[in-house]
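J.: What follows is data08.json, made up of JSON, C-alpha atoms and all ligand atoms:
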```
[["chain", "number", "residue", "atom", "x", "y", "z"],
["O", 30, "MET", "CA", 132.76, 0.58, 199.92],
["O", 31, "THR", "CA", 130.85, 3.85, 200.17],
["O", 32, "ALA", "CA", 129.56, 5.12, 196.86],
["O", 33, "ARG", "CA", 130.49, 8.41, 195.26],
["O", 34, "VAL", "CA", 127.41, 10.64, 195.16],
["O", 35, "ILE", "CA", 126.61, 11.91, 191.67],
["O", 36, "ASP", "CA", 125.73, 15.58, 192.12],
["O", 37, "GLY", "CA", 122.92, 16.30, 189.67],
["O", 38, "VAL", "CA", 122.44, 19.83, 191.00],
["O", 39, "ALA", "CA", 126.02, 20.86, 190.19],
["O", 40, "LEU", "CA", 126.08, 19.18, 186.79],
["O", 41, "ALA", "CA", 122.69, 20.70, 185.88],
["O", 42, "ALA", "CA", 124.00, 24.16, 186.86],
["O", 43, "THR", "CA", 126.92, 23.80, 184.42],
["O", 44, "ILE", "CA", 124.57, 22.73, 181.63],
["O", 45, "ARG", "CA", 122.18, 25.58, 182.38],
["O", 46, "GLN", "CA", 125.05, 28.08, 182.18],
["O", 47, "ASP", "CA", 125.93, 26.75, 178.74],
["O", 48, "VAL", "CA", 122.27, 27.04, 177.68],
["O", 49, "ALA", "CA", 122.21, 30.66, 178.92],
["O", 50, "MET", "CA", 125.23, 31.47, 176.73],
["O", 51, "ARG", "CA", 123.69, 29.81, 173.67],
["O", 52, "SER", "CA", 120.42, 31.61, 174.37],
["O", 53, "ALA", "CA", 122.21, 34.99, 174.48],
["O", 54, "ALA", "CA", 123.97, 34.17, 171.20],
["O", 55, "LEU", "CA", 120.65, 33.31, 169.55],
["O", 56, "LYS", "CA", 119.04, 36.48, 170.87],
["O", 57, "ALA", "CA", 121.87, 38.49, 169.32],
["O", 58, "GLN", "CA", 120.88, 36.90, 165.99],
["O", 59, "GLY", "CA", 117.24, 37.91, 166.50],
["O", 60, "THR", "CA", 115.81, 34.64, 167.86],
["O", 61, "GLN", "CA", 114.73, 34.29, 171.48],
["O", 62, "PRO", "CA", 114.24, 30.59, 172.25],
["O", 63, "GLY", "CA", 110.70, 29.92, 173.44],
["O", 64, "LEU", "CA", 109.04, 27.03, 175.27],
["O", 65, "ALA", "CA", 105.32, 26.48, 175.84],
["O", 66, "VAL", "CA", 104.37, 24.21, 178.73],
["O", 67, "ILE", "CA", 100.79, 22.96, 178.90],
["O", 68, "LEU", "CA", 99.20, 21.51, 182.02],
["O", 69, "VAL", "CA", 95.67, 20.17, 182.01],
["O", 70, "GLY", "CA", 94.10, 19.73, 185.45],
["O", 71, "SER", "CA", 95.48, 20.51, 188.88],
["O", 72, "ASP", "CA", 97.59, 17.50, 189.90],
["O", 73, "PRO", "CA", 99.79, 19.00, 192.66],
["O", 74, "ALA", "CA", 102.99, 17.14, 191.66],
["O", 75, "SER", "CA", 102.56, 18.13, 187.99],
["O", 76, "GLN", "CA", 102.02, 21.76, 189.03],
["O", 77, "VAL", "CA", 105.37, 21.75, 190.87],
["O", 78, "TYR", "CA", 107.20, 20.10, 187.93],
["O", 79, "VAL", "CA", 105.73, 22.53, 185.41],
["O", 80, "ARG", "CA", 106.53, 25.57, 187.56],
["O", 81, "ASN", "CA", 110.13, 24.37, 187.96],
["O", 82, "LYS", "CA", 110.47, 23.96, 184.19],
["O", 83, "VAL", "CA", 109.16, 27.45, 183.46],
["O", 84, "THR", "CA", 111.36, 29.06, 186.15],
["O", 85, "ALA", "CA", 114.46, 27.27, 184.82],
["O", 86, "CYS", "CA", 113.71, 28.61, 181.33],
["O", 87, "GLN", "CA", 113.40, 32.16, 182.58],
["O", 88, "GLN", "CA", 116.67, 31.90, 184.52],
["O", 89, "ALA", "CA", 118.48, 30.79, 181.36],
["O", 90, "GLY", "CA", 117.08, 33.68, 179.29],
["O", 91, "LEU", "CA", 114.50, 31.62, 177.42],
["O", 92, "TYR", "CA", 111.00, 32.89, 176.81],
["O", 93, "SER", "CA", 108.47, 30.52, 178.34],
["O", 94, "VAL", "CA", 104.72, 30.41, 178.67],
["O", 95, "MET", "CA", 102.80, 28.18, 181.01],
["O", 96, "GLU", "CA", 99.27, 27.40, 179.91],
["O", 97, "GLN", "CA", 97.13, 25.81, 182.57],
["O", 98, "TYR", "CA", 93.70, 24.50, 181.67],
["O", 99, "PRO", "CA", 90.88, 23.03, 183.77],
["O", 100, "VAL", "CA", 90.45, 19.28, 183.91],
["O", 101, "THR", "CA", 87.18, 19.77, 182.00],
["O", 102, "MET", "CA", 89.04, 20.91, 178.85],
["O", 103, "SER", "CA", 88.10, 18.72, 175.88],
["O", 104, "GLN", "CA", 90.73, 16.91, 173.84],
["O", 105, "GLN", "CA", 89.60, 18.85, 170.78],
["O", 106, "GLU", "CA", 90.30, 22.13, 172.57],
["O", 107, "LEU", "CA", 93.74, 20.90, 173.59],
["O", 108, "LEU", "CA", 94.53, 19.78, 170.02],
["O", 109, "ALA", "CA", 93.48, 23.20, 168.71],
["O", 110, "ARG", "CA", 95.81, 24.88, 171.20],
["O", 111, "ILE", "CA", 98.70, 22.61, 170.15],
["O", 112, "GLN", "CA", 98.04, 23.36, 166.48],
["O", 113, "ALA", "CA", 98.25, 27.11, 167.19],
["O", 114, "LEU", "CA", 101.58, 26.65, 169.02],
["O", 115, "ASN", "CA", 102.89, 24.45, 166.17],
["O", 116, "VAL", "CA", 102.74, 27.47, 163.83],
["O", 117, "ASP", "CA", 103.73, 30.15, 166.36],
["O", 118, "PRO", "CA", 107.23, 31.38, 165.36],
["O", 119, "ALA", "CA", 107.99, 32.54, 168.94],
["O", 120, "ILE", "CA", 107.64, 28.97, 170.23],
["O", 121, "HIS", "CA", 110.39, 26.42, 169.50],
["O", 122, "GLY", "CA", 109.42, 23.79, 172.05],
["O", 123, "ILE", "CA", 106.04, 22.43, 173.18],
["O", 124, "LEU", "CA", 105.63, 20.26, 176.25],
["O", 125, "VAL", "CA", 102.35, 18.75, 177.38],
["O", 126, "GLN", "CA", 102.76, 17.60, 180.96],
["O", 127, "LEU", "CA", 101.76, 13.98, 181.56],
["O", 128, "PRO", "CA", 99.67, 12.34, 182.86],
["O", 129, "LEU", "CA", 96.67, 13.81, 181.07],
["O", 130, "PRO", "CA", 93.12, 13.44, 182.46],
["O", 131, "PRO", "CA", 91.52, 10.03, 181.74],
["O", 132, "HIS", "CA", 89.17, 11.39, 179.04],
["O", 133, "MET", "CA", 92.16, 12.28, 176.87],
["O", 134, "ASP", "CA", 94.27, 9.98, 174.68],
["O", 135, "ALA", "CA", 97.91, 10.87, 175.41],
["O", 136, "HIS", "CA", 99.11, 9.22, 172.19],
["O", 137, "GLN", "CA", 96.84, 11.36, 170.02],
["O", 138, "VAL", "CA", 97.85, 14.49, 171.91],
["O", 139, "ILE", "CA", 101.59, 13.80, 171.59],
["O", 140, "GLU", "CA", 101.24, 12.99, 167.87],
["O", 141, "ALA", "CA", 99.62, 16.43, 167.37],
["O", 142, "ILE", "CA", 102.82, 18.21, 168.46],
["O", 143, "ALA", "CA", 105.04, 19.17, 165.51],
["O", 144, "ALA", "CA", 107.97, 16.73, 165.67],
["O", 145, "GLU", "CA", 110.50, 19.58, 165.36],
["O", 146, "LYS", "CA", 108.99, 21.23, 168.48],
["O", 147, "ASP", "CA", 108.63, 17.99, 170.50],
["O", 148, "VAL", "CA", 111.28, 18.82, 173.10],
["O", 149, "ASP", "CA", 110.17, 15.86, 175.26],
["O", 150, "GLY", "CA", 111.13, 13.52, 172.40],
["O", 151, "PHE", "CA", 107.91, 11.53, 172.84],
["O", 152, "HIS", "CA", 106.45, 11.91, 169.31],
["O", 153, "ILE", "CA", 106.40, 8.64, 167.39],
["O", 154, "SER", "CA", 108.76, 10.00, 164.73],
["O", 155, "ASN", "CA", 111.24, 11.10, 167.41],
["O", 156, "ALA", "CA", 110.97, 7.71, 169.11],
["O", 157, "GLY", "CA", 111.67, 6.11, 165.71],
["O", 158, "LEU", "CA", 114.65, 8.37, 165.05],
["O", 159, "LEU", "CA", 116.06, 7.50, 168.47],
["O", 160, "MET", "CA", 115.57, 3.80, 167.85],
["O", 161, "THR", "CA", 117.35, 3.96, 164.51],
["O", 162, "GLY", "CA", 120.30, 5.84, 166.01],
["O", 163, "LYS", "CA", 119.56, 9.27, 164.52],
["O", 164, "PRO", "CA", 117.81, 11.13, 167.36],
["O", 165, "LEU", "CA", 116.44, 14.64, 166.83],
["O", 166, "PHE", "CA", 115.45, 15.05, 170.51],
["O", 167, "ARG", "CA", 116.48, 12.63, 173.26],
["O", 168, "PRO", "CA", 113.83, 12.34, 176.03],
["O", 169, "CYS", "CA", 115.01, 14.60, 178.87],
["O", 170, "THR", "CA", 115.37, 12.13, 181.75],
["O", 171, "PRO", "CA", 117.39, 9.47, 179.86],
["O", 172, "TYR", "CA", 119.42, 12.24, 178.16],
["O", 173, "GLY", "CA", 120.25, 13.69, 181.59],
["O", 174, "ILE", "CA", 121.27, 10.26, 182.87],
["O", 175, "MET", "CA", 123.62, 9.81, 179.90],
["O", 176, "LYS", "CA", 125.21, 13.18, 180.79],
["O", 177, "MET", "CA", 125.63, 12.01, 184.40],
["O", 178, "LEU", "CA", 127.33, 8.78, 183.30],
["O", 179, "GLU", "CA", 129.55, 10.75, 180.92],
["O", 180, "ALA", "CA", 130.52, 13.25, 183.66],
["O", 181, "GLU", "CA", 131.36, 10.34, 185.97],
["O", 182, "GLN", "CA", 133.39, 8.74, 183.15],
["O", 183, "VAL", "CA", 131.47, 5.49, 183.50],
["O", 184, "PRO", "CA", 132.60, 3.12, 180.72],
["O", 185, "LEU", "CA", 129.60, 2.18, 178.56],
["O", 186, "ARG", "CA", 131.13, 0.16, 175.71],
["O", 187, "GLY", "CA", 130.78, -3.49, 176.65],
["O", 188, "ALA", "CA", 129.17, -2.67, 180.02],
["O", 189, "VAL", "CA", 126.22, -4.68, 181.29],
["O", 190, "ALA", "CA", 123.32, -2.31, 181.94],
["O", 191, "VAL", "CA", 119.94, -3.11, 183.46],
["O", 192, "VAL", "CA", 117.03, -0.68, 183.18],
["O", 193, "VAL", "CA", 114.25, -1.45, 185.66],
["O", 194, "GLY", "CA", 111.03, -0.01, 184.24],
["O", 195, "ALA", "CA", 109.86, -0.01, 180.63],
["O", 196, "SER", "CA", 107.97, 3.26, 180.21],
["O", 197, "ASN", "CA", 108.00, 5.29, 176.98],
["O", 198, "ILE", "CA", 109.21, 8.31, 178.97],
["O", 199, "VAL", "CA", 112.21, 6.75, 180.71],
["O", 200, "GLY", "CA", 112.85, 3.01, 180.49],
["O", 201, "LYS", "CA", 112.63, 2.37, 176.75],
["O", 202, "PRO", "CA", 114.52, 5.47, 175.56],
["O", 203, "MET", "CA", 117.10, 4.90, 178.32],
["O", 204, "ALA", "CA", 117.74, 1.41, 177.00],
["O", 205, "MET", "CA", 118.12, 2.77, 173.45],
["O", 206, "LEU", "CA", 120.68, 5.38, 174.48],
["O", 207, "LEU", "CA", 122.72, 2.88, 176.53],
["O", 208, "GLN", "CA", 122.57, 0.37, 173.69],
["O", 209, "SER", "CA", 123.71, 3.01, 171.15],
["O", 210, "ALA", "CA", 126.66, 3.76, 173.45],
["O", 211, "GLY", "CA", 127.75, 0.12, 173.28],
["O", 212, "ALA", "CA", 126.27, -1.33, 176.48],
["O", 213, "THR", "CA", 124.54, -4.70, 176.62],
["O", 214, "VAL", "CA", 121.10, -3.78, 177.92],
["O", 215, "THR", "CA", 118.32, -5.67, 179.66],
["O", 216, "ILE", "CA", 114.97, -3.99, 180.29],
["O", 217, "CYS", "CA", 113.20, -5.42, 183.34],
["O", 218, "ASN", "CA", 109.58, -4.84, 184.24],
["O", 219, "SER", "CA", 107.17, -5.57, 187.08],
["O", 220, "LYS", "CA", 106.80, -9.19, 185.88],
["O", 221, "THR", "CA", 110.50, -9.98, 185.56],
["O", 222, "ARG", "CA", 111.37, -13.26, 187.28],
["O", 223, "ASP", "CA", 114.28, -13.02, 189.72],
["O", 224, "LEU", "CA", 114.81, -9.30, 189.29],
["O", 225, "ALA", "CA", 117.68, -9.42, 191.81],
["O", 226, "TRP", "CA", 119.61, -11.80, 189.54],
["O", 227, "HIS", "CA", 119.42, -9.28, 186.68],
["O", 228, "THR", "CA", 120.28, -6.21, 188.75],
["O", 229, "GLY", "CA", 122.98, -8.16, 190.59],
["O", 230, "HIS", "CA", 124.86, -8.87, 187.34],
["O", 231, "ALA", "CA", 124.82, -5.28, 186.08],
["O", 232, "ASP", "CA", 127.62, -2.71, 185.96],
["O", 233, "ILE", "CA", 125.00, 0.02, 185.58],
["O", 234, "VAL", "CA", 121.48, -0.10, 187.06],
["O", 235, "VAL", "CA", 118.88, 2.55, 186.17],
["O", 236, "VAL", "CA", 115.76, 2.29, 188.29],
["O", 237, "ALA", "CA", 112.49, 3.87, 187.09],
["O", 238, "THR", "CA", 109.73, 1.76, 188.58],
["O", 239, "GLY", "CA", 107.67, 4.29, 190.50],
["O", 240, "ARG", "CA", 107.89, 2.05, 193.58],
["O", 241, "ALA", "CA", 109.66, 3.46, 196.62],
["O", 242, "ARG", "CA", 112.96, 1.86, 197.70],
["O", 243, "MET", "CA", 112.37, -1.36, 195.73],
["O", 244, "ILE", "CA", 116.06, -1.93, 194.86],
["O", 245, "ASP", "CA", 118.23, -2.52, 197.91],
["O", 246, "GLY", "CA", 121.91, -3.23, 198.49],
["O", 247, "SER", "CA", 121.46, -7.01, 198.32],
["O", 248, "MET", "CA", 120.31, -6.64, 194.68],
["O", 249, "VAL", "CA", 123.33, -4.68, 193.45],
["O", 250, "LYS", "CA", 126.77, -5.90, 192.36],
["O", 251, "PRO", "CA", 129.66, -4.42, 194.38],
["O", 252, "GLY", "CA", 131.08, -1.47, 192.44],
["O", 253, "ALA", "CA", 128.02, -0.95, 190.22],
["O", 254, "VAL", "CA", 126.78, 2.51, 189.25],
["O", 255, "VAL", "CA", 123.16, 3.05, 190.34],
["O", 256, "ILE", "CA", 120.88, 5.76, 188.98],
["O", 257, "ASP", "CA", 117.57, 6.45, 190.74],
["O", 258, "VAL", "CA", 114.78, 8.04, 188.69],
["O", 259, "GLY", "CA", 111.99, 7.77, 191.29],
["O", 260, "ILE", "CA", 110.74, 10.34, 193.74],
["O", 261, "HIS", "CA", 108.33, 9.63, 196.58],
["O", 262, "ARG", "CA", 107.25, 11.22, 199.83],
["O", 263, "THR", "CA", 107.73, 8.89, 202.81],
["O", 264, "PRO", "CA", 105.12, 8.68, 205.61],
["O", 265, "GLU", "CA", 107.57, 10.79, 207.70],
["O", 266, "GLY", "CA", 107.40, 13.52, 205.05],
["O", 267, "LYS", "CA", 110.89, 13.00, 203.60],
["O", 268, "LEU", "CA", 111.73, 12.41, 199.94],
["O", 269, "CYS", "CA", 113.08, 9.06, 198.74],
["O", 270, "GLY", "CA", 113.63, 7.30, 195.44],
["O", 271, "ASP", "CA", 113.02, 3.89, 193.86],
["O", 272, "VAL", "CA", 116.36, 2.85, 195.37],
["O", 273, "ASP", "CA", 117.03, 2.15, 199.04],
["O", 274, "TYR", "CA", 119.80, 4.75, 199.23],
["O", 275, "GLU", "CA", 121.30, 3.77, 202.59],
["O", 276, "SER", "CA", 121.88, 0.11, 201.74],
["O", 277, "VAL", "CA", 122.86, 0.62, 198.08],
["O", 278, "ARG", "CA", 125.48, 3.29, 198.87],
["O", 279, "GLN", "CA", 127.36, 0.68, 200.92],
["O", 280, "VAL", "CA", 127.72, -1.52, 197.83],
["O", 281, "ALA", "CA", 127.75, 0.70, 194.73],
["O", 282, "SER", "CA", 130.72, 2.69, 193.43],
["O", 283, "ALA", "CA", 128.51, 5.65, 192.49],
["O", 284, "ILE", "CA", 124.86, 6.54, 193.15],
["O", 285, "SER", "CA", 122.54, 9.39, 192.22],
["O", 286, "PRO", "CA", 120.68, 10.78, 195.24],
["O", 287, "VAL", "CA", 117.00, 11.73, 195.58],
["O", 288, "PRO", "CA", 116.54, 14.64, 195.69],
["O", 289, "GLY", "CA", 119.47, 16.24, 193.87],
["O", 290, "GLY", "CA", 120.21, 13.61, 191.23],
["O", 291, "VAL", "CA", 118.14, 12.92, 188.12],
["O", 292, "GLY", "CA", 115.43, 15.57, 188.79],
["O", 293, "PRO", "CA", 117.55, 18.67, 188.16],
["O", 294, "MET", "CA", 119.15, 16.98, 185.15],
["O", 295, "THR", "CA", 115.75, 16.36, 183.52],
["O", 296, "ILE", "CA", 115.01, 20.08, 183.65],
["O", 297, "ALA", "CA", 118.48, 21.02, 182.36],
["O", 298, "MET", "CA", 118.07, 18.70, 179.37],
["O", 299, "LEU", "CA", 114.67, 20.20, 178.58],
["O", 300, "LEU", "CA", 116.47, 23.54, 178.25],
["O", 301, "VAL", "CA", 119.11, 21.90, 176.03],
["O", 302, "ASN", "CA", 116.42, 20.42, 173.77],
["O", 303, "THR", "CA", 114.63, 23.77, 173.57],
["O", 304, "ILE", "CA", 117.83, 25.64, 172.67],
["O", 305, "GLU", "CA", 118.62, 23.01, 170.02],
["O", 306, "ALA", "CA", 115.14, 23.42, 168.54],
["O", 307, "ALA", "CA", 115.61, 27.21, 168.46],
["O", 308, "GLU", "CA", 119.09, 26.89, 166.91],
["O", 309, "ARG", "CA", 117.66, 24.68, 164.17],
["O", 310, "ALA", "CA", 114.83, 27.17, 163.54],
["O", 311, "GLN", "CA", 117.34, 30.06, 163.38],
["O", 312, "HIS", "CA", 119.51, 28.06, 160.98],
["O", 313, "ASN", "CA", 116.50, 27.35, 158.73],
["O", 314, "LYS", "CA", 115.53, 31.03, 158.83],
["O", 315, "ALA", "CA", 119.03, 32.09, 157.80],
["O", 316, "THR", "CA", 119.36, 29.65, 154.89],
["L", 401, "LIG", "N1", 105.52, 13.56, 183.38],
["L", 401, "LIG", "C1", 106.52, 12.96, 184.06],
["L", 401, "LIG", "N2", 107.70, 13.16, 183.42],
["L", 401, "LIG", "C2", 107.42, 13.89, 182.33],
["L", 401, "LIG", "C3", 108.23, 14.42, 181.28],
["L", 401, "LIG", "O1", 109.45, 14.24, 181.22],
["L", 401, "LIG", "N3", 107.56, 15.13, 180.33],
["L", 401, "LIG", "C4", 106.23, 15.33, 180.38],
["L", 401, "LIG", "N4", 105.68, 16.03, 179.39],
["L", 401, "LIG", "N5", 105.46, 14.86, 181.33],
["L", 401, "LIG", "C5", 106.05, 14.14, 182.31]]
```
Written as structure tokens, that's how I'd like the structure from this file.
T.:
Amino acid sequence: MTARVIDGVALAATIRQDVAMRSAALKAQGTQPGLAVILVGSDPASQVYVRNKVTACQQAGLYSVMEQYPVTMSQQELLARIQALNVDPAIHGILVQLPLPPHMDAHQVIEAIAAEKDVDGFHISNAGLLMTGKPLFRPCTPYGIMKMLEAEQVPLRGAVAVVVGASNIVGKPMAMLLQSAGATVTICNSKTRDLAWHTGHADIVVVATGRARMIDGSMVKPGAVVIDVGIHRTPEGKLCGDVDYESVRQVASAISPVPGGVGPMTIAMLLVNTIEAAERAQHNKAT
């Protein structure tokens, strides 16, 4: 079997077109959706991610500001900046790019963002709403993966799903969304015994470990759907994921590539979350 390739670029383009239409409709009602993206420090990968997010916003007709601060910024200064954005009516979404410098406490920073502007969905109240089945914002990467599974018409009710990686950004919210859709979900982590047994029994495998090519074809059930969240640069200068693409595509029924899979979907869903935040603000203004 050779797996179908799940085209995240094409699906993201469709979603971004829909966001552009909703953005134009909001503008006609007097609200231009606005996103503020904050980057502290000069991590090269984060700089690329943040620039891509801001460019995608502009292309979809959203207002966006990128605020870049030196690594020497104090946490107090960052909190003051967030508080100003929380009450700025032109801003509907606030994103603080992670990781933050070691002298900052990411939890405290995320909790300072107004929950109704937390377009990453990382605030504790948004995590709680997701866990109890009433999400306000779904974290962008897991949300994008759900859209990919939906577009591929992957059955979720009763499916066995394994999420490899238990981060607050991807693994845990991913498991919640799959579970809410009726899948039976196992979250594996770096200490899981016999990881290959777990992945090898799954209909759906989502891999977000941050370790290059750690899931290969021998660890995947024939016909499974495999979603790769990782992105790494190989010693030869090419990009690869957490999944060994060449061996897994011989076994899986569908696979998301790196690049061109989850990455573009994460950005598209950030735009969706921002437009939803702006639509809610417009609704509250009108009522
Ligand atoms: N760092 C890596 N992924 C993300 C993300 O989705 N949001 C933020 N804010 N930082 C990240």
J.: If I wrap all listed atoms of region 105-122 of chain O in a box with edges along x, y and z and add 3 Å on each side, what are its centre and edge lengths in Å to one decimal, as AutoDock Vina command-line options?
T.:
```
--center_x 100.0 --center_y 25.7 --center_z 168.7 --size_x 26.8 --size_y 19.7 --size_z 15.8
```
J.: So which residues touch region 89-95 of chain O within 8 Å, counting all atoms listed in the file, skipping near sequence neighbours fewer than 6 positions away, as a ChimeraX atom specification?
T.: /O:45-46,48-49,52-53,61-68,79-80,83
J.: Return as a VMD selection string every polymer residue, whether protein, DNA or RNA, with at least one atom no more than 12 Å from an atom of ligand LIG 401 (chain L); count all atoms listed in the file.
T.: chain O and resid 65 to 69 72 74 to 79 82 122 to 129 135 to 136 138 to 139 142 147 to 152 167 to 173 196 to 200 202 237 239 258 to 260 291 to 299 302
J.: Using all atoms listed in the file, find the one residue out of O:Lys250, O:Arg242, O:His227, O:Arg309 that sits nearest to Val272 (chain O).
T.: O:Arg242
J.: Residues near Arg240 (chain O), anyone? I mean within 12 Å using only C-alpha atoms, not counting same-chain ones fewer than 3 positions away, as a count of residues only.
T.: 20
J.: Which is closest to Asn313 (chain O) among O:Gln279, O:Thr215, O:Ser209, O:Thr60, if we use only C-alpha atoms?
T.: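 Among the listed residues, O:Thr60 lies closest to Asn313 (chain O).
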J.: Separation of CA of Thr221 (chain O) and CA of Val191 (chain O), in Å?
T.: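 Taking CA of Thr221 (chain O) as the start and CA of Val191 (chain O) as the end point, the length is 11.9 Å.
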J.: Can you work out which one of O:Ala39, O:Ile284, O:Ala231, O:Ala32 has the shortest atom-to-atom distance to Val192 (chain O), counting all atoms listed in the file?
T.: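 Using all atoms listed in the file, the shortest distance to Val192 (chain O) belongs to O:Ala231.
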J.: Would you please work out which residue, of O:Thr238, O:Gln58, O:Thr31, O:Gln97, is nearest to Ala315 (chain O) when using all atoms listed in the file?
T.: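 For Ala315 (chain O), the nearest of the candidates is O:Gln58.
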J.: What does the distance between CA of His230 (chain O) and CA of Lys176 (chain O) come to in Å, to one decimal place?
T.: 23.0 Å
J.: CA of Met205 (chain O) and CA of Gly157 (chain O) are how many Å apart?
T.: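 Between CA of Met205 (chain O) and CA of Gly157 (chain O) the gap is 10.6 Å.
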J.: Find, counting only C-alpha atoms, the residue in O:Met160, O:Asp245, O:Lys146, O:Ile256 that gets nearest to Pro118 (chain O).
T.: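 Among the listed residues, O:Lys146 lies closest to Pro118 (chain O).
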J.: Using only C-alpha atoms, which residues sit within 6 Å of Ala225 (chain O) once same-chain residues fewer than 3 positions away are excluded, as number ranges by chain?
T.: O: 228-229, 248
J.: Just the residues within 7 Å of Val255 (chain O), please, counting only C-alpha atoms, with nothing from its chain fewer than 5 positions along; format it as an MDAnalysis selection string.
T.: chainID O and resid 233:235 281 283:285
J.: For Val254 (chain O), which residue out of O:Val34, O:Ala307, O:Ile111, O:Met203 is the nearest one, using all atoms listed in the file?
T.: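 Looking at the shortest contact to Val254 (chain O), the residue is O:Val34.
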